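Text of start_28.txt, listed as compact mmCIF, C-alpha atoms:
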```
# COMPACT_ATOMS: atom_id res chain seq x y z
CA PHE Q 6 17.60 -11.73 2.20
CA PHE Q 7 15.39 -11.83 5.34
CA LYS Q 8 15.04 -14.00 8.37
CA PRO Q 9 12.06 -16.43 8.28
CA ALA Q 10 10.17 -14.52 10.98
CA THR Q 11 10.63 -11.26 9.08
CA VAL Q 12 9.34 -12.87 5.87
CA LYS Q 13 6.22 -14.08 7.67
CA MET Q 14 5.55 -10.66 9.16
CA LEU Q 15 6.01 -8.93 5.80
CA GLY Q 16 3.68 -11.52 4.29
CA ASN Q 17 0.93 -10.23 6.57
CA LEU Q 18 0.74 -7.15 4.35
CA LYS Q 19 -1.28 -9.33 1.96
CA VAL Q 20 -4.38 -8.46 4.01
CA LEU Q 21 -4.17 -4.75 3.23
CA THR Q 22 -3.11 -5.46 -0.34
CA ILE Q 23 -6.19 -7.63 -0.88
CA ALA Q 24 -8.45 -4.96 0.62
CA ILE Q 25 -6.96 -2.27 -1.64
CA LEU Q 26 -7.35 -4.47 -4.74
CA LEU Q 27 -10.94 -5.30 -3.80
CA LYS Q 28 -11.70 -1.60 -3.50
CA VAL Q 29 -10.01 -0.68 -6.79
CA ILE Q 30 -10.97 -3.64 -8.99
CA MET Q 31 -14.30 -4.84 -7.57
CA LYS Q 32 -15.49 -1.48 -6.17
CA ARG Q 33 -15.81 -2.95 -2.68
CA SER Q 34 -16.44 -0.34 0.00
CA PHE Q 35 -14.96 -0.55 3.50
CA SER Q 36 -15.73 1.66 6.44
CA VAL Q 37 -13.05 3.31 8.58
CA THR Q 38 -13.72 0.77 11.33
CA GLN Q 39 -13.17 -2.11 8.91
CA TRP Q 40 -9.84 -0.65 7.75
CA GLU Q 41 -8.83 -0.36 11.39
CA ALA Q 42 -9.90 -4.00 11.92
CA LEU Q 43 -7.63 -5.10 9.06
CA VAL Q 44 -4.71 -3.22 10.60
CA LEU Q 45 -5.47 -4.94 13.91
CA LEU Q 46 -5.44 -8.29 12.13
CA ILE Q 47 -1.94 -7.58 10.82
CA LEU Q 48 -0.78 -6.53 14.29
CA GLY Q 49 -2.30 -9.62 15.88
CA ILE Q 50 -0.57 -12.00 13.47
CA THR Q 51 2.71 -10.08 13.81
CA VAL Q 52 2.64 -10.17 17.63
CA ASN Q 53 2.03 -13.91 17.46
CA GLN Q 54 5.11 -14.37 15.25
CA LEU Q 55 7.45 -12.13 17.23
CA ALA Q 56 10.16 -13.85 19.21
CA CYS Q 57 10.12 -13.37 22.96
CA SER Q 58 13.87 -12.69 23.03
CA THR Q 59 14.96 -9.14 22.24
CA HIS Q 60 18.72 -9.80 22.11
CA PRO Q 61 20.14 -8.66 18.77
CA THR Q 62 21.94 -11.12 16.53
CA PRO Q 63 24.65 -10.52 13.91
CA GLU Q 64 22.03 -11.15 11.21
CA ASP Q 65 20.11 -8.06 12.35
CA ASP Q 66 22.95 -5.81 11.13
CA ARG Q 67 22.88 -7.09 7.56
CA VAL Q 68 22.11 -4.60 4.81
CA ILE Q 69 19.12 -5.71 2.76
CA SER Q 70 19.62 -5.23 -0.97
CA TRP Q 71 17.00 -3.76 -3.28
CA LEU Q 72 16.50 -7.23 -4.77
CA GLY Q 73 15.23 -8.48 -1.42
CA TYR Q 74 12.62 -5.73 -1.28
CA CYS Q 75 11.55 -6.49 -4.87
CA TYR Q 76 11.09 -10.18 -4.05
CA THR Q 77 9.09 -9.24 -0.96
CA LEU Q 78 6.87 -6.91 -2.97
CA MET Q 79 6.24 -9.65 -5.52
CA SER Q 80 5.47 -12.24 -2.84
CA VAL Q 81 2.86 -9.89 -1.37
CA THR Q 82 1.20 -8.50 -4.49
CA ILE Q 83 1.09 -11.54 -6.82
CA PRO Q 84 -0.80 -13.93 -4.48
CA SER Q 85 -3.12 -11.08 -3.43
CA ALA Q 86 -3.88 -10.21 -7.06
CA ALA Q 87 -4.47 -13.90 -7.84
CA SER Q 88 -6.98 -14.19 -4.99
CA VAL Q 89 -8.89 -11.09 -6.11
CA TYR Q 90 -8.84 -12.27 -9.74
CA ASN Q 91 -10.26 -15.66 -8.72
CA GLU Q 92 -13.05 -13.98 -6.79
CA GLN Q 93 -13.85 -11.71 -9.72
CA ALA Q 94 -13.81 -14.61 -12.20
CA LEU Q 95 -16.13 -16.75 -10.07
CA LYS Q 96 -18.58 -13.96 -9.27
CA SER Q 97 -18.70 -12.49 -12.78
CA ASN Q 98 -20.47 -15.69 -13.95
CA TYR Q 99 -22.58 -16.14 -10.87
CA GLU Q 100 -25.26 -18.32 -12.49
CA THR Q 101 -22.65 -20.89 -13.56
CA SER Q 102 -22.23 -23.82 -11.21
CA VAL Q 103 -19.23 -23.49 -8.92
CA HIS Q 104 -18.38 -27.14 -9.62
CA LEU Q 105 -18.16 -26.44 -13.37
CA GLN Q 106 -16.02 -23.38 -12.69
CA ASN Q 107 -13.77 -25.49 -10.46
CA PHE Q 108 -13.42 -28.07 -13.24
CA PHE Q 109 -12.16 -25.55 -15.80
CA THR Q 110 -9.96 -23.78 -13.26
CA TYR Q 111 -8.15 -26.94 -12.19
CA PHE Q 112 -8.15 -28.35 -15.73
CA TYR Q 113 -6.02 -25.42 -16.92
CA GLY Q 114 -3.76 -25.84 -13.89
CA MET Q 115 -3.41 -29.55 -14.64
CA VAL Q 116 -2.46 -28.81 -18.27
CA PHE Q 117 0.26 -26.33 -17.24
CA ASN Q 118 1.66 -28.76 -14.65
CA LEU Q 119 1.60 -31.59 -17.19
CA ILE Q 120 3.55 -29.45 -19.65
CA GLY Q 121 6.13 -28.70 -16.96
CA LEU Q 122 6.36 -32.39 -16.01
CA CYS Q 123 6.85 -33.45 -19.64
CA THR Q 124 9.48 -30.76 -20.13
CA LEU Q 125 11.34 -31.97 -17.04
CA ALA Q 126 11.13 -35.58 -18.20
CA ILE Q 127 12.48 -34.71 -21.67
CA SER Q 128 15.38 -32.77 -20.15
CA ASN Q 129 16.19 -35.80 -17.96
CA GLY Q 130 16.21 -38.18 -20.89
CA GLY Q 131 12.73 -39.62 -20.38
CA HIS Q 132 13.04 -40.21 -16.64
CA GLY Q 133 10.88 -38.66 -13.92
CA LEU Q 134 7.50 -38.91 -15.71
CA SER Q 135 5.92 -41.11 -13.04
CA LEU Q 136 3.18 -39.17 -11.25
CA LEU Q 137 3.21 -41.39 -8.15
CA SER Q 138 6.97 -41.68 -7.76
CA GLY Q 139 8.05 -41.12 -4.15
CA HIS Q 140 4.51 -40.99 -2.75
CA ASN Q 141 3.20 -42.97 0.19
CA SER Q 142 -0.03 -43.00 2.17
CA VAL Q 143 0.89 -39.87 4.14
CA THR Q 144 1.77 -37.79 1.10
CA MET Q 145 -1.40 -38.93 -0.68
CA MET Q 146 -3.43 -37.74 2.30
CA LEU Q 147 -1.69 -34.38 2.01
CA VAL Q 148 -2.58 -34.24 -1.69
CA VAL Q 149 -6.24 -34.96 -0.93
CA ASN Q 150 -6.22 -32.37 1.85
CA ASN Q 151 -4.74 -29.70 -0.43
CA ALA Q 152 -7.30 -30.54 -3.13
CA ALA Q 153 -10.13 -30.13 -0.60
CA GLN Q 154 -8.67 -26.79 0.49
CA GLY Q 155 -8.63 -25.62 -3.12
CA ILE Q 156 -12.29 -26.56 -3.65
CA LEU Q 157 -13.26 -24.89 -0.38
CA SER Q 158 -11.40 -21.74 -1.44
CA SER Q 159 -13.59 -21.54 -4.53
CA PHE Q 160 -16.69 -21.54 -2.33
CA PHE Q 161 -15.15 -18.73 -0.27
CA PHE Q 162 -14.43 -16.68 -3.39
CA LYS Q 163 -17.87 -17.16 -4.93
CA PHE Q 164 -20.24 -17.07 -1.96
CA ALA Q 165 -18.21 -14.94 0.47
CA ASP Q 166 -15.05 -12.94 -0.23
CA THR Q 167 -11.27 -13.02 0.01
CA ILE Q 168 -11.22 -11.14 3.33
CA LEU Q 169 -13.31 -13.85 5.01
CA LYS Q 170 -10.96 -16.47 3.59
CA LYS Q 171 -8.00 -14.59 5.09
CA TYR Q 172 -9.69 -14.48 8.49
CA SER Q 173 -10.49 -18.20 8.29
CA SER Q 174 -6.83 -18.94 7.50
CA THR Q 175 -5.80 -16.94 10.56
CA VAL Q 176 -8.21 -18.87 12.79
CA ALA Q 177 -6.86 -22.11 11.30
CA THR Q 178 -3.35 -21.00 12.27
CA ILE Q 179 -4.52 -20.37 15.83
CA LEU Q 180 -6.15 -23.82 16.02
CA THR Q 181 -2.95 -25.34 14.64
CA GLY Q 182 -0.98 -23.76 17.49
CA LEU Q 183 -3.44 -25.08 20.06
CA MET Q 184 -3.43 -28.60 18.58
CA SER Q 185 0.37 -28.68 18.36
CA SER Q 186 0.51 -27.73 22.03
CA LEU Q 187 -1.86 -30.56 22.97
CA LEU Q 188 -0.39 -33.23 20.71
CA PHE Q 189 3.32 -32.38 20.62
CA GLY Q 190 3.80 -30.36 23.81
CA HIS Q 191 4.85 -27.15 22.05
CA GLU Q 192 4.98 -24.18 24.39
CA LEU Q 193 2.40 -21.43 23.95
CA THR Q 194 4.00 -18.04 24.63
CA VAL Q 195 2.46 -14.84 25.93
CA ASN Q 196 2.76 -13.42 22.43
CA PHE Q 197 0.48 -16.18 21.17
CA PHE Q 198 -2.35 -15.31 23.57
CA ILE Q 199 -1.98 -11.56 22.98
CA GLY Q 200 -2.00 -12.10 19.21
CA VAL Q 201 -5.06 -14.36 19.41
CA SER Q 202 -6.94 -11.74 21.43
CA ILE Q 203 -6.11 -9.01 18.90
CA VAL Q 204 -7.20 -11.24 16.00
CA PHE Q 205 -10.59 -11.98 17.54
CA ILE Q 206 -11.15 -8.30 18.34
CA SER Q 207 -10.31 -7.49 14.73
CA MET Q 208 -12.75 -10.13 13.49
CA HIS Q 209 -15.53 -8.78 15.68
CA LEU Q 210 -14.94 -5.20 14.50
CA PHE Q 211 -14.80 -6.12 10.82
CA PHE Q 212 -17.91 -8.31 10.58
CA SER Q 213 -20.15 -6.65 13.16
CA HIS Q 214 -19.71 -3.03 12.07
CA LYS Q 215 -22.52 -1.51 10.04
CA ASP Q 216 -22.60 2.13 9.05
CA PRO Q 217 -26.28 3.24 9.17
CA ASN Q 218 -25.51 6.57 7.48
CA LYS Q 219 -23.92 4.97 4.45
CA ALA Q 220 -26.22 3.96 1.61
CA VAL Q 221 -24.11 3.34 -1.47
CA LYS Q 222 -25.28 1.28 -4.40
CA ALA Q 223 -22.83 -1.58 -4.67
CA SER Q 224 -21.54 -3.07 -7.88
CA PRO Q 225 -22.63 -6.65 -8.78
CA MET Q 226 -19.31 -8.18 -7.73
CA SER Q 227 -19.20 -6.37 -4.39
CA ARG Q 228 -22.44 -7.88 -3.13
CA THR Q 229 -22.98 -10.91 -0.97
CA ASP Q 230 -24.69 -14.13 -2.01
CA SER Q 231 -28.10 -13.16 -0.62
CA GLU Q 232 -28.01 -9.72 -2.28
CA ILE Q 233 -27.13 -11.17 -5.67
CA THR Q 234 -29.81 -13.85 -5.37
CA THR Q 235 -32.45 -11.27 -4.49
CA THR Q 236 -31.45 -9.11 -7.46
CA MET Q 237 -31.58 -12.10 -9.80
CA LEU Q 238 -35.11 -12.93 -8.67
CA LEU Q 239 -36.26 -9.35 -9.17
CA GLU Q 240 -34.84 -9.31 -12.70
CA ARG Q 241 -36.82 -12.38 -13.80
CA ASP Q 242 -39.56 -11.89 -16.38
CA LEU Q 243 -42.24 -12.88 -13.92
CA PRO Q 244 -45.21 -10.82 -12.82
CA ALA Q 245 -44.73 -9.13 -9.52
CA PRO Q 246 -46.62 -10.82 -6.69
CA HIS Q 247 -49.72 -8.95 -5.64
CA ARG Q 248 -52.50 -9.44 -3.19
CA GLU Q 249 -56.07 -9.38 -4.38
CA VAL Q 250 -58.29 -7.13 -2.26
CA ARG Q 251 -62.02 -7.92 -2.18
CA TYR Q 252 -64.67 -5.60 -0.86
CA ASP Q 253 -67.96 -6.98 0.37
CA LEU Q 254 -70.67 -4.42 -0.31
CA PRO Q 255 -73.70 -4.39 1.96
CA ARG Q 256 -76.86 -5.78 0.42
```

Show me this structure written as structure tokens.
Amino acid sequence: FFKPATVKMLGNLKVLTIAILLKVIMKRSFSVTQWEALVLLILGITVNQLACSTHPTPEDDRVISWLGYCYTLMSVTIPSAASVYNEQALKSNYETSVHLQNFFTYFYGMVFNLIGLCTLAISNGGHGLSLLSGHNSVTMMLVVNNAAQGILSSFFFKFADTILKKYSSTVATILTGLMSSLLFGHELTVNFFIGVSIVFISMHLFFSHKDPNKAVKASPMSRTDSEITTTMLLERDLPAPHREVRYDLPR
């Protein structure tokens, strides 16, 4: 329904969708400057993905059906909702080890994938059940890399937030462009450098802005790691630390 570049640019709307879901579901508060920073992030990624040529093509005159817009809406909202749900699930049981939470999360995923694999094997007459069929050393490295990314994402969700994960993914994309230029000789366009500049300005605005006039009591799942840890220590059944004061009376 869309050209690949258009799909990527529409996919950038996940940033705003995640921010809206965080505000609605987890009661996260964002300042006006932070909303502007998120819009700048979308613009920076979009500028980076725009083609330098402005000549129209016959594909530009195609009429997009309503089904294409529905698929686009689903591709934006479903991954965003999944990210926010994962953050909420990990932070709602903050005292539970993140490694134990990872085990149950990926265990359920493994069960669903195993059911799908068995169903596919039964439909093919018992063939296609081999887990390592078609793999080599390169594909196994990709599997290990994706597994490490999944574990790292859990740390982002529990000890940081989904917005920081989105920014880190954007920086990773920028580093990928730089490395592909060095290793494979891919050309870096003007759009790339303009987009990178906008992304870093957005990152600076989002994480450095503090509103001194805003003092709102945050919900438990909208707080950072240090804030939650401090609250947990204060809620312990331990006597409050005090300092003994001694007065030496003159004799």

Extract, using all atoms listed in the file, all DNA, RNA and protein residues at most 8 Å from region 97-108 of chain Q, discarding same-chain residues fewer than 3 positions from it, and format them as a tab-separated table (two decimals) with C-alpha atoms, in the frame of the given file.
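Writing the result to out39.tsv gives the following:
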```
chain	number	residue	atom	x	y	z
Q	93	GLN	CA	-13.85	-11.71	-9.72
Q	94	ALA	CA	-13.81	-14.61	-12.20
Q	111	TYR	CA	-8.15	-26.94	-12.19
Q	112	PHE	CA	-8.15	-28.35	-15.73
Q	156	ILE	CA	-12.29	-26.56	-3.65
Q	159	SER	CA	-13.59	-21.54	-4.53
Q	160	PHE	CA	-16.69	-21.54	-2.33
Q	163	LYS	CA	-17.87	-17.16	-4.93
Q	226	MET	CA	-19.31	-8.18	-7.73
```

Practice task
Kindly give the distance, in Å, that separates CA of Gly49 (chain Q) and CA of Met208 (chain Q), rounded to a single decimal.
Solution key: 10.7 Å

Practice task
Find the distance between CA of Ile168 (chain Q) and CA of Phe117 (chain Q) and write it in Å to one decimal.
Solution key: 28.0 Å

Leaving out Ser135 (chain Q) and any residue of its chain fewer than 5 positions from it, which residues lie within 12 Å of it when counting all atoms listed in the file, given as a PDB file with C-alpha atoms, in the frame of the given file?
```pdb
ATOM      1  CA  LEU Q 119       1.600 -31.590 -17.190  1.00  0.00           C
ATOM      2  CA  LEU Q 122       6.360 -32.390 -16.010  1.00  0.00           C
ATOM      3  CA  CYS Q 123       6.850 -33.450 -19.640  1.00  0.00           C
ATOM      4  CA  LEU Q 125      11.340 -31.970 -17.040  1.00  0.00           C
ATOM      5  CA  ALA Q 126      11.130 -35.580 -18.200  1.00  0.00           C
ATOM      6  CA  HIS Q 140       4.510 -40.990  -2.750  1.00  0.00           C
TER       7      HIS Q 140
END
```

Hey, which bits of region 46-125 of chain Q sit within 10 Å of region 172-192 of chain Q, and for each residue what's the closest pair of atoms and how far apart in Å (one decimal), counting all atoms listed in the file, rows by chain and increasing number, as JSON lines?
```
{"residue": "Q:Leu46", "atom": "CA", "partner": "Q:Tyr172", "partner_atom": "CA", "distance": 8.3}
{"residue": "Q:Gly49", "atom": "CA", "partner": "Q:Thr175", "partner_atom": "CA", "distance": 9.7}
{"residue": "Q:Ile50", "atom": "CA", "partner": "Q:Thr175", "partner_atom": "CA", "distance": 7.8}
{"residue": "Q:Asn53", "atom": "CA", "partner": "Q:Ile179", "partner_atom": "CA", "distance": 9.3}
```

Just to be explicit: take each residue in the selection above, keep C-alpha atoms, and write the result as an mmCIF file, in the coordinates of the input.
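Saved the output as out_37.cif:
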```
data_model
loop_
_atom_site.group_PDB
_atom_site.id
_atom_site.type_symbol
_atom_site.label_atom_id
_atom_site.label_comp_id
_atom_site.auth_asym_id
_atom_site.auth_seq_id
_atom_site.Cartn_x
_atom_site.Cartn_y
_atom_site.Cartn_z
ATOM 1 C CA LEU Q 46 -5.440 -8.290 12.130
ATOM 2 C CA GLY Q 49 -2.300 -9.620 15.880
ATOM 3 C CA ILE Q 50 -0.570 -12.000 13.470
ATOM 4 C CA ASN Q 53 2.030 -13.910 17.460
#
```

Find the residues near Val44 (chain Q): any atom within 12 Å, counting all atoms listed in the file, skip ones fewer than 2 places away on the same chain, and give them as a compact mmCIF listing (two decimals) with C-alpha atoms, in the coordinates of the input.
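Final output, around_11.txt:
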```txt
# COMPACT_ATOMS: atom_id res chain seq x y z
CA ASN Q 17 0.93 -10.23 6.57
CA LEU Q 18 0.74 -7.15 4.35
CA LYS Q 19 -1.28 -9.33 1.96
CA VAL Q 20 -4.38 -8.46 4.01
CA LEU Q 21 -4.17 -4.75 3.23
CA THR Q 22 -3.11 -5.46 -0.34
CA ALA Q 24 -8.45 -4.96 0.62
CA VAL Q 37 -13.05 3.31 8.58
CA THR Q 38 -13.72 0.77 11.33
CA GLN Q 39 -13.17 -2.11 8.91
CA TRP Q 40 -9.84 -0.65 7.75
CA GLU Q 41 -8.83 -0.36 11.39
CA ALA Q 42 -9.90 -4.00 11.92
CA LEU Q 46 -5.44 -8.29 12.13
CA ILE Q 47 -1.94 -7.58 10.82
CA LEU Q 48 -0.78 -6.53 14.29
CA GLY Q 49 -2.30 -9.62 15.88
CA ILE Q 50 -0.57 -12.00 13.47
CA THR Q 51 2.71 -10.08 13.81
CA ILE Q 203 -6.11 -9.01 18.90
CA VAL Q 204 -7.20 -11.24 16.00
CA ILE Q 206 -11.15 -8.30 18.34
CA SER Q 207 -10.31 -7.49 14.73
CA MET Q 208 -12.75 -10.13 13.49
CA LEU Q 210 -14.94 -5.20 14.50
CA PHE Q 211 -14.80 -6.12 10.82
```

Exercise for the section: Rank nothing, just name the residue among Q:Met145, Q:Leu15, Q:Leu169, Q:Val29 nearest to Ser80 (chain Q), using all atoms listed in the file. Expected result: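 That would be Q:Leu15, the residue with the smallest distance to Ser80 (chain Q).
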
Practice task
Report the distance between CA of Asn151 (chain Q) and CA of Leu193 (chain Q) in Å, rounded to one decimal place.
Solution key: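 Rounded to one decimal, the two atoms are 26.7 Å apart.
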
Handout entry: Minimum-distance residue to Asp166 (chain Q), chosen among Q:Thr124, Q:Asn91, Q:Thr194, Q:Ser138 (using all atoms listed in the file)
Key =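 So, comparing all the options, the nearest one is Q:Asn91.
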
Practice task
Have a look at Q:Phe212, Q:Lys171, Q:Phe205, Q:Gly16 and name the one nearest to Leu78 (chain Q); count all atoms listed in the file.
Solution key: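 Between Q:Phe212, Q:Lys171, Q:Phe205, Q:Gly16, the residue approaching Leu78 (chain Q) most closely is Q:Gly16.
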
Practice task
Go through Q:Ser213, Q:Ser158, Q:Ala152, Q:Ile23 one by one, measure the shortest atom-to-atom distance of each to Ile83 (chain Q) using only C-alpha atoms, and give the residue with the smallest value.
Solution key: Q:Ile23
